[in-house]
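Coordinates from coords_23.txt are shown below (compact mmCIF, C-alpha atoms).
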# COMPACT_ATOMS: atom_id res chain seq x y z
CA MET Y 185 -34.13 20.04 -164.07
CA ALA Y 186 -30.38 20.22 -163.52
CA VAL Y 187 -28.23 18.61 -160.84
CA TYR Y 188 -25.53 20.63 -159.08
CA GLU Y 189 -22.78 19.71 -156.62
CA LEU Y 190 -21.86 22.85 -154.69
CA GLN Y 191 -19.13 23.47 -152.14
CA THR Y 192 -19.18 26.13 -149.43
CA PRO Y 193 -18.34 28.94 -149.39
CA PHE Y 194 -20.69 29.36 -152.32
CA ASP Y 195 -19.80 31.22 -155.48
CA SER Y 196 -22.57 33.77 -156.11
CA ALA Y 197 -22.43 33.03 -159.87
CA GLU Y 198 -23.13 29.34 -159.18
CA ILE Y 199 -26.01 30.25 -156.87
CA ALA Y 200 -27.47 32.53 -159.56
CA LYS Y 201 -27.59 29.60 -162.03
CA LEU Y 202 -29.92 27.55 -159.84
CA ARG Y 203 -33.54 27.26 -160.95
CA VAL Y 204 -36.64 26.07 -159.14
CA GLY Y 205 -36.78 22.28 -159.28
CA ASP Y 206 -33.01 21.76 -159.61
CA LEU Y 207 -31.41 19.15 -157.39
CA VAL Y 208 -28.52 20.36 -155.26
CA TYR Y 209 -25.86 18.39 -153.39
CA VAL Y 210 -23.90 20.48 -150.93
CA SER Y 211 -20.66 19.89 -149.08
CA GLY Y 212 -18.42 22.01 -146.91
CA LYS Y 213 -18.88 24.19 -143.87
CA ALA Y 214 -22.35 25.14 -142.61
CA PHE Y 215 -24.00 26.06 -139.34
CA THR Y 216 -27.23 25.07 -137.66
CA CYS Y 217 -29.56 26.85 -135.31
CA ARG Y 218 -33.18 27.13 -134.32
CA SER Y 219 -35.51 29.98 -133.39
CA ARG Y 220 -34.06 30.58 -129.92
CA LEU Y 221 -30.77 31.77 -131.41
CA HIS Y 222 -32.56 34.06 -133.87
CA ARG Y 223 -34.58 35.54 -131.00
CA ARG Y 224 -31.44 36.02 -128.90
CA VAL Y 225 -29.50 37.77 -131.68
CA PHE Y 226 -32.22 39.76 -133.42
CA ASP Y 227 -34.72 40.50 -130.63
CA GLU Y 228 -32.41 40.71 -127.62
CA ASN Y 229 -29.41 42.22 -129.44
CA HIS Y 230 -26.80 39.66 -128.37
CA PRO Y 231 -23.82 39.23 -130.71
CA SER Y 232 -24.06 36.71 -133.53
CA PRO Y 233 -22.15 33.49 -133.01
CA LYS Y 234 -18.87 33.19 -134.89
CA ALA Y 235 -20.19 30.44 -137.19
CA ALA Y 236 -23.10 32.62 -138.33
CA VAL Y 237 -20.84 35.34 -139.67
CA GLU Y 238 -18.17 33.00 -141.09
CA ARG Y 239 -20.37 30.54 -143.01
CA ASP Y 240 -22.87 31.17 -145.79
CA LEU Y 241 -25.01 28.03 -145.39
CA LEU Y 242 -27.62 27.91 -142.62
CA ILE Y 243 -29.54 24.72 -141.95
CA HIS Y 244 -32.72 25.13 -139.93
CA VAL Y 245 -32.21 22.18 -137.59
CA GLY Y 246 -31.55 21.40 -133.96
CA PRO Y 247 -29.46 18.23 -134.28
CA ILE Y 248 -29.11 15.76 -131.44
CA VAL Y 249 -25.44 15.58 -130.50
CA LEU Y 250 -23.59 13.53 -127.89
CA ARG Y 251 -20.45 15.03 -126.38
CA HIS Y 252 -17.44 12.82 -125.91
CA PRO Y 253 -14.22 13.96 -124.20
CA ASP Y 254 -12.49 14.75 -127.51
CA SER Y 255 -15.28 14.78 -130.10
CA TYR Y 256 -18.97 15.15 -130.87
CA GLU Y 257 -21.24 12.41 -132.18
CA LEU Y 258 -24.19 13.33 -134.37
CA VAL Y 259 -27.14 11.14 -133.38
CA SER Y 260 -30.02 12.65 -135.33
CA PHE Y 261 -30.42 15.44 -137.87
CA MET Y 262 -33.85 16.51 -139.10
CA PRO Y 263 -34.39 19.95 -140.68
CA THR Y 264 -37.34 21.93 -139.38
CA SER Y 265 -39.81 24.25 -141.09
CA SER Y 266 -38.13 27.43 -142.36
CA ILE Y 267 -41.30 29.54 -142.27
CA ARG Y 268 -40.99 29.49 -138.46
CA PHE Y 269 -38.00 31.84 -138.86
CA GLU Y 270 -39.77 34.42 -141.02
CA LYS Y 271 -39.77 37.08 -138.29
CA TRP Y 272 -35.94 37.10 -138.43
CA GLY Y 273 -35.30 35.71 -141.91
CA ALA Y 274 -34.52 38.91 -143.80
CA ARG Y 275 -32.10 40.11 -141.10
CA ALA Y 276 -30.40 36.71 -140.97
CA VAL Y 277 -29.85 36.70 -144.74
CA ASP Y 278 -28.56 40.27 -144.68
CA GLU Y 279 -26.47 40.34 -141.49
CA TRP Y 280 -25.09 36.80 -141.70
CA GLY Y 281 -24.33 36.99 -145.44
CA LEU Y 282 -26.24 33.82 -146.25
CA ARG Y 283 -26.18 32.33 -149.77
CA MET Y 284 -28.28 29.24 -148.97
CA ILE Y 285 -30.81 28.17 -146.36
CA ILE Y 286 -31.84 24.53 -146.05
CA GLY Y 287 -35.10 23.68 -144.31
CA LYS Y 288 -38.59 22.31 -144.81
CA THR Y 289 -41.32 24.50 -146.31
CA THR Y 290 -40.26 27.94 -147.54
CA MET Y 291 -39.73 31.52 -146.40
CA GLY Y 292 -42.21 34.42 -146.33
CA GLU Y 293 -42.39 37.49 -148.55
CA GLU Y 294 -40.01 39.74 -146.56
CA THR Y 295 -37.30 37.10 -146.41
CA MET Y 296 -37.81 36.16 -150.06
CA ALA Y 297 -37.31 39.80 -151.06
CA MET Y 298 -34.04 39.98 -149.09
CA MET Y 299 -32.93 36.63 -150.52
CA GLN Y 300 -33.50 37.94 -154.01
CA LYS Y 301 -31.57 41.14 -153.22
CA LYS Y 302 -28.64 39.27 -151.62
CA LYS Y 303 -28.61 36.32 -154.08
CA CYS Y 304 -29.55 33.66 -151.55
CA VAL Y 305 -31.58 30.50 -152.25
CA HIS Y 306 -33.76 28.22 -150.15
CA VAL Y 307 -33.65 24.48 -150.66
CA SER Y 308 -35.78 21.76 -149.12
CA PRO Y 309 -34.39 18.33 -148.33
CA GLN Y 310 -35.82 15.50 -150.39
CA CYS Y 311 -35.89 13.28 -147.33
CA VAL Y 312 -36.53 14.33 -143.76
CA SER Y 313 -35.56 11.09 -142.08
CA PRO Y 314 -33.74 12.04 -138.85
CA ASN Y 315 -30.87 9.70 -139.59
CA PHE Y 316 -30.51 10.00 -143.37
CA TRP Y 317 -27.49 12.33 -143.28
CA VAL Y 318 -25.83 11.37 -140.00
CA GLN Y 319 -22.92 9.51 -141.63
CA ASN Y 320 -22.09 12.48 -143.88
CA ILE Y 321 -21.99 15.27 -141.29
CA ASN Y 322 -19.23 16.01 -138.81
CA ILE Y 323 -19.83 18.31 -135.85
CA THR Y 324 -16.70 20.44 -135.65
CA ASP Y 325 -17.53 22.58 -132.63
CA VAL Y 326 -20.39 23.78 -130.48
CA GLU Y 327 -20.88 27.42 -129.61
CA LEU Y 328 -22.87 27.73 -126.42
CA SER Y 329 -25.12 30.52 -125.30
CA GLN Y 330 -27.48 30.58 -122.38
CA VAL Y 331 -30.43 29.37 -124.42
CA ASP Y 332 -29.23 27.68 -127.58
CA GLU Y 333 -26.33 25.96 -129.23
CA THR Y 334 -25.02 26.87 -132.65
CA ARG Y 335 -23.32 23.96 -134.27
CA PRO Y 336 -20.68 24.63 -136.88
CA ILE Y 337 -20.67 21.52 -139.02
CA TYR Y 338 -18.82 20.06 -141.98
CA ILE Y 339 -20.74 18.18 -144.66
CA LYS Y 340 -18.62 15.57 -146.44
CA GLN Y 341 -18.19 15.76 -150.19
CA HIS Y 342 -21.05 14.45 -152.33
CA GLY Y 343 -22.87 13.98 -149.32
CA ALA Y 344 -25.36 15.03 -146.98
CA PHE Y 345 -27.95 17.09 -148.71
CA PHE Y 346 -29.82 16.04 -151.75
CA ALA Y 347 -32.20 18.92 -151.94
CA LEU Y 348 -34.78 20.41 -154.24
CA LEU Y 349 -34.27 24.07 -154.99
CA GLU Y 350 -37.40 25.76 -153.77
CA LEU Y 351 -36.63 29.47 -154.04
CA ASN Y 352 -34.17 30.92 -156.53
CA VAL Y 353 -32.46 34.30 -156.65
CA LYS Y 354 -35.14 35.68 -158.96
CA GLY Y 355 -37.76 35.14 -156.28
CA ASN Y 356 -39.50 32.24 -158.00
CA HIS Y 357 -40.50 29.39 -155.75
CA THR Y 358 -42.21 26.01 -156.01
CA ALA Y 359 -45.50 27.11 -154.47
CA GLU Y 360 -45.92 29.67 -157.26
CA ALA Y 361 -44.86 27.14 -159.90
CA LYS Y 362 -47.42 24.60 -158.68
CA LEU Y 363 -50.13 27.27 -158.53
CA LEU Y 364 -49.38 28.29 -162.11
CA LYS Y 365 -49.62 24.66 -163.27
CA LEU Y 366 -52.94 24.19 -161.48
CA THR Y 367 -54.34 27.43 -162.85
CA LYS Y 368 -53.30 26.56 -166.39
CA ARG Y 369 -54.83 23.09 -166.14
CA GLN Y 370 -58.13 24.52 -164.83
CA GLU Y 371 -58.27 26.97 -167.74
CA GLU Y 372 -57.82 24.10 -170.22
CA GLU Y 373 -60.73 22.08 -168.78
Please lay out the structure from this file as structure tokens.
Amino acid sequence: MAVYELQTPFDSAEIAKLRVGDLVYVSGKAFTCRSRLHRRVFDENHPSPKAAVERDLLIHVGPIVLRHPDSYELVSFMPTSSIRFEKWGARAVDEWGLRMIIGKTTMGEETMAMMQKKKCVHVSPQCVSPNFWVQNINITDVELSQVDETRPIYIKQHGAFFALLELNVKGNHTAEAKLLKLTKRQEEE
């Protein structure tokens, strides 16, 4: 297991080095959204928000944010299950140019195939406490649509995400690795 500190925008060669089980710290620009935005863009054919096409790190989360007259205050930040986005995952990776997705669980077969093709990885946070990362994330803007908000964010250096690489660019993922270990152990008994 290796430990990496990566900065966005990601270098595809650095992403290609990552292996299942590696620990990854990320910093830099990212964006957040939930399923309503995916549905709006990919099912209803609305344009993608600016942050989605300018940033290569998507975090599956709907953070709680307070608006102040001249700033935003992040109150809570808890990634959600990535498999919920499978219907739109492959298109999001392809059309948004993603190099990394952060969220709980994993992605399905169609998205994993596109991630492998486009050299994108999925990482799962090691801690899903709603307030674990709040001090290391700055909300830089909020893009509003009728049904969802996309939050461009900035993650401070060395900071917010301490994540386990779950799916690498070769298509290997932790569920397969665990299954192989279990199968091997059963054969030995």
Task: Protein and nucleic acid residues near (-21.4, 31.8, -139.0) (cut-off 10 Å, all atoms listed in the file) as a PyMOL selection string - done: chain Y and resi 213-216+232-242+280-282+334-336
Task: Nearest to Y:Ile267, chosen from Y:His244, Y:Arg203, Y:Lys303, Y:Arg224, with all atoms listed in the file counted in the distances - done: Y:His244
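If you measure from each of Y:Asn229, Y:Val307, Y:Ser260, Y:Arg251 to Y:Leu207 using only C-alpha atoms, the closest one turns out to be Y:Val307.
Considering all atoms listed in the file, the residue among Y:Ala200, Y:Asp195, Y:Pro247, Y:His230 positioned nearest to Y:Gln300 is Y:Ala200.
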Open item on the list: Quick one: residues within 7 Å of stretch 284-298 of chain Y, all atoms listed in the file, excluding same-chain residues fewer than 4 positions away - as an MDAnalysis selection string?
Closed with: chainID Y and resid 240:244 263:267 270 273:274 277 302 304:309 355
Open item on the list: If I take atom CA of Y:Val249 and atom CA of Y:Phe194, how far is one from the other in Å, to one decimal?
Closed with: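 So the answer is 26.2 Å.
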- [ ] Figure out the distance between atom CA of Y:Val245 and atom CA of Y:Tyr209, please, to one decimal in Å.
- [x] 17.4 Å
Open item on the list: Using Å and a single decimal, report how far atom CA of Y:Asp254 sits from atom CA of Y:Ile321.
Closed with: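 Atom CA of Y:Asp254 lies at a distance of 16.7 Å from atom CA of Y:Ile321.
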Extending 6 Å beyond the listed atoms of stretch 195-210 of chain Y on each side, what axis-aligned box results? I want centre and edge lengths in Å to one decimal, as AutoDock Vina command-line options.
--center_x -28.3 --center_y 26.1 --center_z -156.5 --size_x 29.0 --size_y 27.4 --size_z 23.1
- [ ] Have a look at Y:Leu202, Y:Ser211, Y:Gly246, Y:Arg223 and name the one nearest to Y:Glu189; count all atoms listed in the file.
- [x]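 For Y:Glu189, the nearest of the candidates is Y:Ser211.
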